[in-house]
Amino acid sequence: MLEDTLLLWKYKRGSRDALEKIYDKYETYLITVATALLNNTHDAEDVLHDFFVSFVKSADKIKLQGSLKAYMATCVANLARNRMKRKQLEHVASGDDSYSEPIASGAELPAIQKEETVILNQAMYELPFEQKEIIVLHLQGNMKFTEIAKLRNTSVNTVRSRYRYGLDKLRTLLNSEVIK
């Protein structure tokens with residue numbers, strides 16, 4: 001965390017090297033978070049690009065109260081939520097009732113090669129975004145419930161409930177998939 005504070009301090013004072021180090025350090029992590037939320041690597045890459053563009057434009061306004069990693073993950077999650085809403089509105093406006101987010105395939109992500117992973121992605125897609133976001137931030141983002149609650153401006157109990165309900169729904173969805 002001290003390293004991140006120093007990198008951010010240097011970056012806010014114009015160091016391009018610091019920005020490159022921040023990008024290199026967190027690119028994979030942020031793309032993983034965005035992909036888990038969007039189930040689409042192309043959209044995740046767009047979200048990551050949008051995040052870093054806004055990060056560069058608003059460097060002087062960034063005021064961290066926690067870790068840089070948590071701040072960045074929250075920003076990416078917010079951008080992912082906005083992208084999903086925008087896509088859903090576009091499809092509703094076009095009259096296309098058959099819209100569903102594309103699921104990342106083995107061809108898109110070399111790490112996703114097993115059928116079980118595809119089934120998990122499909123089950124995650126069926127979760128409400130609030131539950132999926134908390135599961136991803138907690139399990140993949142390694143964020144504590146208190147951090148998520150603070151960044152989401154909600155209570156810790158709400159975060160824990162969404163996490164628990166999300167896991168329960170995932171269990172139900174995955175169990176029904178096994179029975180098929």
# chains A, B, ... in the order shown; residues from 1 in each chain; ligands from 1
$ residues_around --residues "stretch 125-135 of chain A" --least-positions-apart "3" --cutoff "6 Å" --atoms "only C-alpha atoms" --output "JSON, numbers by chain"
{"A": [122, 138, 139, 162, 163, 166]}
$ write_last_selection --atoms "C-alpha atoms" --output "compact mmCIF listing (two decimals), in the first residue's frame"
# COMPACT_ATOMS: atom_id res chain seq x y z
CA GLN A 122 -23.39 -18.61 -17.02
CA HIS A 138 -14.54 -10.05 -2.45
CA LEU A 139 -13.28 -13.26 -4.06
CA ARG A 162 -25.81 -9.67 -0.93
CA TYR A 163 -22.75 -11.89 -0.81
CA GLY A 166 -25.46 -14.42 -4.29
$ residues_around --residues "stretch 16-31 of chain A" --least-positions-apart "3" --cutoff "6 Å" --atoms "only C-alpha atoms" --output "ChimeraX atom specification"
/A:7,11,34-35,44
$ closest_residue --among "A:Ile148, A:Met124, A:Gly66, A:Ala77" --to "A:Thr172" --atoms "only C-alpha atoms"
A:Met124
$ residues_around --residues "A:Lys61" --least-positions-apart "6" --cutoff "12 Å" --atoms "only C-alpha atoms" --output "PyMOL selection string"
chain A and resi 8+12+54-55
$ write_last_selection --atoms "N, CA and C atoms" --output "mmCIF file, in the first residue's frame"
data_model
loop_
_atom_site.group_PDB
_atom_site.id
_atom_site.type_symbol
_atom_site.label_atom_id
_atom_site.label_comp_id
_atom_site.auth_asym_id
_atom_site.auth_seq_id
_atom_site.Cartn_x
_atom_site.Cartn_y
_atom_site.Cartn_z
ATOM 1 N N LEU A 8 1.134 6.869 -6.695
ATOM 2 C CA LEU A 8 0.075 7.835 -6.956
ATOM 3 C C LEU A 8 0.581 9.261 -6.727
ATOM 4 N N LYS A 12 0.603 12.020 -9.668
ATOM 5 C CA LYS A 12 -0.122 13.288 -9.551
ATOM 6 C C LYS A 12 0.808 14.482 -9.765
ATOM 7 N N SER A 54 -10.152 8.043 -17.877
ATOM 8 C CA SER A 54 -10.701 8.914 -16.831
ATOM 9 C C SER A 54 -9.706 9.096 -15.687
ATOM 10 N N PHE A 55 -8.918 8.068 -15.397
ATOM 11 C CA PHE A 55 -7.894 8.138 -14.356
ATOM 12 C C PHE A 55 -6.866 9.212 -14.707
#
$ closest_residue --among "A:Gly14, A:Ala36, A:Ala149, A:Leu89" --to "A:Asp60" --atoms "only C-alpha atoms"
A:Gly14
$ atom_distance --atom1 "atom CA of A:Leu120" --atom2 "atom CA of A:Arg171"
10.0 Å
$ atom_distance --atom1 "atom CA of A:Ser58" --atom2 "atom CA of A:Gly141"
23.1 Å
$ closest_residue --among "A:Trp9, A:Ile119, A:Glu90, A:Glu45" --to "A:Leu170" --atoms "only C-alpha atoms"
A:Ile119
$ closest_residue --among "A:Leu2, A:Leu79, A:Leu174, A:Met143" --to "A:Ala123" --atoms "only C-alpha atoms"
A:Leu174
$ atom_distance --atom1 "atom CA of A:Leu64" --atom2 "atom CA of A:Thr5"
8.7 Å
$ closest_residue --among "A:Asn78, A:Ala73, A:Gln65, A:Arg83" --to "A:Asp46" --atoms "only C-alpha atoms"
A:Arg83
$ closest_residue --among "A:Cys75, A:Leu173, A:Val118, A:Leu167" --to "A:Val53" --atoms "only C-alpha atoms"
A:Cys75
$ select_by_dssp --residues "chain A" --states "alpha helix (DSSP H)" --output "PyMOL selection string"
chain A and resi 2-12+16-38+41-57+68-93+115-125+129-135+145-152+156-179
